[in-house]
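A short write-up of the structure that comes next.
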Amino acid sequence: MWLVVEDETQTEPCMPGTPIKCGDYIRLTHLQTQKNLHTHQVRSALSGQQEVSAFGENGVGDVLDDWQVMCTTDKQYWSRGTQVRFKHRETGKYLSSSKNHEFNDRNCRNCPILNHLEAAGTGRVDSTSYFKADVGVYLSH
């Protein structure tokens, strides 16, 4: 669902298959819409945290699309199946999502994102801020 690409500060594109170091900044581009995972100082609809949305056109956005890969192991690189956190460059918030904040008929009647979980930025480091790459196409060097 997501393509991992270079962050706003990089002058050269990240070559497919390049390992991503823990601590590096990246951008996550949604494959279907070609918009970037983005956040800013707006309150999220369900959890009241920081709103996370889609931004940009064809993968082009701004510095508010940049996330730092925070590995939860002592490995040097982000690898498939390992948990990571994504910390937002500008706001310092962590990407989070929880089953407790799901769009449904009560809070989002007839909206296009029914039964999807809200993505939000949070200052808490807890189980809602863990993510892992599990399925998809992986290119290696």
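By convention in this document, the chains of the structure tokens carry letters A, B, ... by their order, each chain's residues are numbered from 1, and ligands are numbered from 1 in the order they are shown.
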
From a DSSP calculation on the backbone, collect every residue of chain A in strand (DSSP E or B) and output the set as a short mmCIF file (atom, residue, chain, number, x, y, z; two decimals) with C-alpha atoms, in the first residue's frame.
```cif
data_model
loop_
_atom_site.label_atom_id
_atom_site.label_comp_id
_atom_site.auth_asym_id
_atom_site.auth_seq_id
_atom_site.Cartn_x
_atom_site.Cartn_y
_atom_site.Cartn_z
CA TRP A 2 2.95 2.35 0.61
CA LEU A 3 6.13 3.17 -1.25
CA VAL A 4 9.10 4.19 0.91
CA VAL A 5 10.97 7.09 -0.71
CA GLU A 6 13.58 9.70 0.20
CA LYS A 21 19.07 2.84 8.24
CA TYR A 25 14.13 10.14 7.45
CA ILE A 26 11.78 8.80 4.80
CA ARG A 27 8.53 9.62 3.11
CA LEU A 28 5.65 7.16 2.71
CA THR A 29 3.76 7.56 -0.56
CA HIS A 30 0.38 5.84 -0.93
CA ASN A 36 2.26 11.31 1.04
CA LEU A 37 1.58 10.48 4.67
CA HIS A 38 1.47 13.97 6.18
CA THR A 39 0.77 15.61 9.50
CA HIS A 40 0.49 19.09 10.92
CA GLN A 41 -0.93 20.89 13.97
CA VAL A 42 -4.59 19.99 13.40
CA ARG A 43 -6.62 17.94 15.86
CA GLN A 50 -2.70 15.20 15.77
CA GLU A 51 -4.36 14.64 12.39
CA VAL A 52 -2.51 12.49 9.83
CA SER A 53 -3.68 12.86 6.25
CA ALA A 54 -2.66 12.45 2.62
CA PHE A 55 -0.88 15.35 0.94
CA GLU A 57 0.57 15.25 -5.89
CA VAL A 60 5.68 15.58 -4.37
CA ASP A 66 8.97 13.40 6.52
CA TRP A 67 9.11 10.62 9.13
CA GLN A 68 12.10 9.22 11.01
CA VAL A 69 12.41 5.42 11.14
CA MET A 70 12.81 4.53 14.83
CA CYS A 71 13.87 0.89 15.13
CA TYR A 77 18.66 -1.28 9.30
CA VAL A 84 9.41 0.26 14.00
CA ARG A 85 7.98 3.60 14.97
CA PHE A 86 7.73 6.62 12.72
CA LYS A 87 8.52 9.96 14.35
CA HIS A 88 7.46 13.09 12.52
CA TYR A 94 4.73 9.36 16.58
CA LEU A 95 2.47 7.81 13.96
CA SER A 96 -0.21 5.78 15.71
CA SER A 97 -3.37 3.85 14.99
CA SER A 98 -5.76 1.98 17.24
CA LYS A 99 -8.85 -0.22 16.86
CA ASN A 100 -10.40 2.11 19.47
CA HIS A 101 -10.50 4.85 16.81
CA GLU A 102 -12.30 3.28 13.87
CA LEU A 117 -8.73 3.09 11.53
CA GLU A 118 -7.75 6.68 12.16
CA ALA A 119 -4.06 7.43 11.76
CA ALA A 120 -2.87 10.11 14.17
CA GLY A 121 0.24 11.65 15.62
CA THR A 122 0.75 11.09 19.34
CA PHE A 131 4.29 -0.74 12.77
#
```

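Interatomic distance, CA of Asp134 in chain A to CA of Arg89 in chain A: 24.1 Å.
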
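A straight line drawn from CA of Ser127 in chain A to CA of Thr72 in chain A is 11.8 Å long.
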
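The space between CA of Thr128 in chain A and CA of Ala45 in chain A spans 16.7 Å.
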
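For Asn104 in chain A, the non-local neighbours within 10 Å, defined as residues at least 2 positions apart in the same chain or in other chains and counting only C-alpha atoms, are His101, Glu102, Arg106, Asn107, Cys108, Arg109, Asn110, Cys111, Ile113, Leu114, Asn115, His116 and Leu117 of chain A.
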
Keeping only C-alpha atoms, write the selected residues as a PDB file, in the first residue's frame.
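Resulting contents of result.pdb:
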```pdb
ATOM      1  CA  HIS A 101     -10.504   4.848  16.813  1.00  0.00           C
ATOM      2  CA  GLU A 102     -12.297   3.278  13.870  1.00  0.00           C
ATOM      3  CA  ARG A 106     -21.934   6.484  14.347  1.00  0.00           C
ATOM      4  CA  ASN A 107     -18.964   8.830  13.854  1.00  0.00           C
ATOM      5  CA  CYS A 108     -18.709   9.037  10.044  1.00  0.00           C
ATOM      6  CA  ARG A 109     -22.084   8.201   8.465  1.00  0.00           C
ATOM      7  CA  ASN A 110     -21.758   7.350   4.743  1.00  0.00           C
ATOM      8  CA  CYS A 111     -18.157   8.495   4.599  1.00  0.00           C
ATOM      9  CA  ILE A 113     -13.453   5.535   4.987  1.00  0.00           C
ATOM     10  CA  LEU A 114     -15.967   3.409   6.912  1.00  0.00           C
ATOM     11  CA  ASN A 115     -14.328   0.591   8.885  1.00  0.00           C
ATOM     12  CA  HIS A 116     -10.855   2.128   8.537  1.00  0.00           C
ATOM     13  CA  LEU A 117      -8.730   3.095  11.527  1.00  0.00           C
TER      14      LEU A 117
END
```

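Of the residues listed (A:Thr33, A:Ala133, A:Thr73, A:Gly59), A:Gly59 shows the shortest atom-to-atom separation from Pro13 in chain A; distances use only C-alpha atoms.
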
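For the choices A:Gly81, A:Ser129, A:Lys93, A:Gly23, the atom-to-atom distance to Gln49 in chain A is smallest for A:Lys93 when using only C-alpha atoms.
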